[in-house]
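In what follows, a single structure is set out as structure tokens and then discussed.
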Amino acid sequence: MAAALLVAAVLCLELGSGAVAHQLSEDYYDCTCPDAYTIVKRVLLEAHKSDVRIYASLIRLHFHDCFVQGCDGSLLLDGVPGVINSEKGAPPNNGSARGFPVVDAAKAALEAACPGVVSCADILALASEISVDLSGGPKWGVLLGRLDGKTADFNGASNLPSPFDNLTMLERKFKAVRLDNVDLVTLSGAHTFGRVQCRLVTGRLYNFSGTNRPDPTLDAGYRAFLSQRCPRNGNGSVLNDLDPTTPDTFDKNYYDNLEVNRGFLNSDQELKSAQQAQGVTAPIVDRFARSQDDFFASFAQSMINMGNIMPLTDPTKGEIRKNCRKVNGS
Ligand code: HEM
């Protein structure tokens, strides 16, 4: 009995210590921080009391983290002149990415319970699953054990998938991180909740591709609605629901919207309406519009795929940050 306990304790010391290169696993913190999931969930529930948008904002942080040099918490680093050119200042994030204080709160709670154990990159992965679950979406087994990187990549962050990208460019940017068209259509389904600024749709409303005309793939009723909210030369930072049917619920309505030309972003509607989408991504949109179960199962898998982008597990290259905003010792 004592020997078994000793073996378990030694295993625990080795597992989750980040001292050796390892594979991501669901049980990575079972020994070293068994309450990690519950702790993050508690912080998210608290934050949600004063910010209904927070769940959407957090999953977007994981996306923006993973697409830039892998899921390594690089997005969370604040700028340090001459050392860290923060990804937070890159156009897709600047004045847009939000939720950082909640990540700090989760980190602080985890550090209090199990100091130096849970990486900031893993906090984003956990927060994403918890956020989707709490919004009515699927659950999945989050793979854990990522280390935090020590660098940021401003240029990489500037080249994230853009709302103005056409389908070919979106496919290319997903392929570059080994995600396929099913992942592209599935993960875009995260636009079933959260908010979006007017400035990202005014081109579609008033001057699509330099035509001085609206985007023909935008439903006329929805265009009238959005034109009221986002007048020409109005305040570009006014917020809109990405999914006006159920703004804070994680469901398949994003795809129902695309079916009736009510996607908000150009990059959303492209998946269904682009010439190149026919026979490629459009059928996937159709499938998810028909079945929420199909969408949920696919979303769980694609989130795991996204979380597996270039996992940083080599302890000579990564660390468990004490403060998500700073490299240790800096
Ligand atoms: C396919 C390429 C994608 C593009 C071009 C894109 C673009 C955008 C843009 C422009 C916004 C609004 C930003 C703002 O108004 O400040 C947004 C919001 C959002 N995106 Fe995406 N996105 C993409 C994929 C994803 C993925 C893969 C996820 C997560 C799995 C995601 C989750 C979200 C969420 C939840 C919001 C709302 C955030 C909030 O309310 O704070 N997006 N996205």
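Each chain of the structure tokens is named A, B, ... in the order shown, its residues numbered from 1; ligands are numbered from 1 in display order.
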
What lies within 8 Å of stretch 189-206 of chain A using only C-alpha atoms, ignoring chain neighbours under 2 positions off, as a ChimeraX atom specification? /A:53,55-57,163,185-187,208-209,212-215,218,223,226-227,229-232,235-243,246-255,264-266,299

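Of the listed residues (A:His22, A:Arg172, A:Lys49, A:Lys326), A:Arg172 comes nearest to ligand 1; the distances count only C-alpha atoms and all ligand atoms.
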
Pick from A:Val40, A:Ala125, A:Leu258, A:Leu271, whichever lies nearest to A:Ala109 using only C-alpha atoms: A:Val40

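Computed from the coordinates, the atom CA of A:Phe225 to atom 25 (C, counted along the ligand's line) of ligand 1 distance equals 23.6 Å.
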
Find the residues around A:Asp180 up to 12 Å (only C-alpha atoms counted), leave out those fewer than 4 positions away in its own chain, and share them as a list of chain:residue names.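 What passes the distance filter is A:Leu170, A:Glu171, A:Arg172, A:Lys173, A:Phe174, A:Lys175, A:Ala176, A:Leu184, A:Val185, A:Thr186, A:Leu187, A:Val280, A:Thr281, A:Ile284, A:Ser302, A:Asn305, A:Met306.
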
Give the answer as one residue: which of A:Tyr222, A:Phe295, A:Phe288, A:Tyr28 has the shortest atom-to-atom distance to A:Leu144, using only C-alpha atoms? A:Tyr28

One-decimal distance in Å that lies between atom 1 (C, counted along the ligand's line) of ligand 1 and atom CA of A:Gln276: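 Result for atom CA of A:Gln276 versus atom 1 (C, counted along the ligand's line) of ligand 1: 15.6 Å, one decimal.
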
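Proximity of A:Ile84, A:Cys31, A:Leu44, A:Ile304 to A:Phe63, computed with only C-alpha atoms, is greatest for A:Ile304.
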
Excluding A:Leu24 and residues on its chain fewer than 2 positions from it, collect all residues at most 9 Å away from it, counting only C-alpha atoms, and give them as number ranges by chain. A: 22, 26-28, 143-146, 308, 311, 313

Using atom CA of A:His62 and atom CA of A:Val260 as the two end points, give the distance in Å to one decimal.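 Computing it gives 29.2 Å between the two atoms.
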
Where in stretch 82-302 of chain A does DSSP assign strand (DSSP E), given as a ChimeraX atom specification? /A:195-197,239-241

Assign secondary structure with DSSP using the backbone only, and return the residues of stretch 90-125 of chain A in helix (DSSP H, G or I) as JSON, numbers by chain. {"A": [100, 101, 102, 103, 104, 105, 106, 107, 108, 109, 110, 111, 112, 113, 120, 121, 122, 123, 124, 125]}
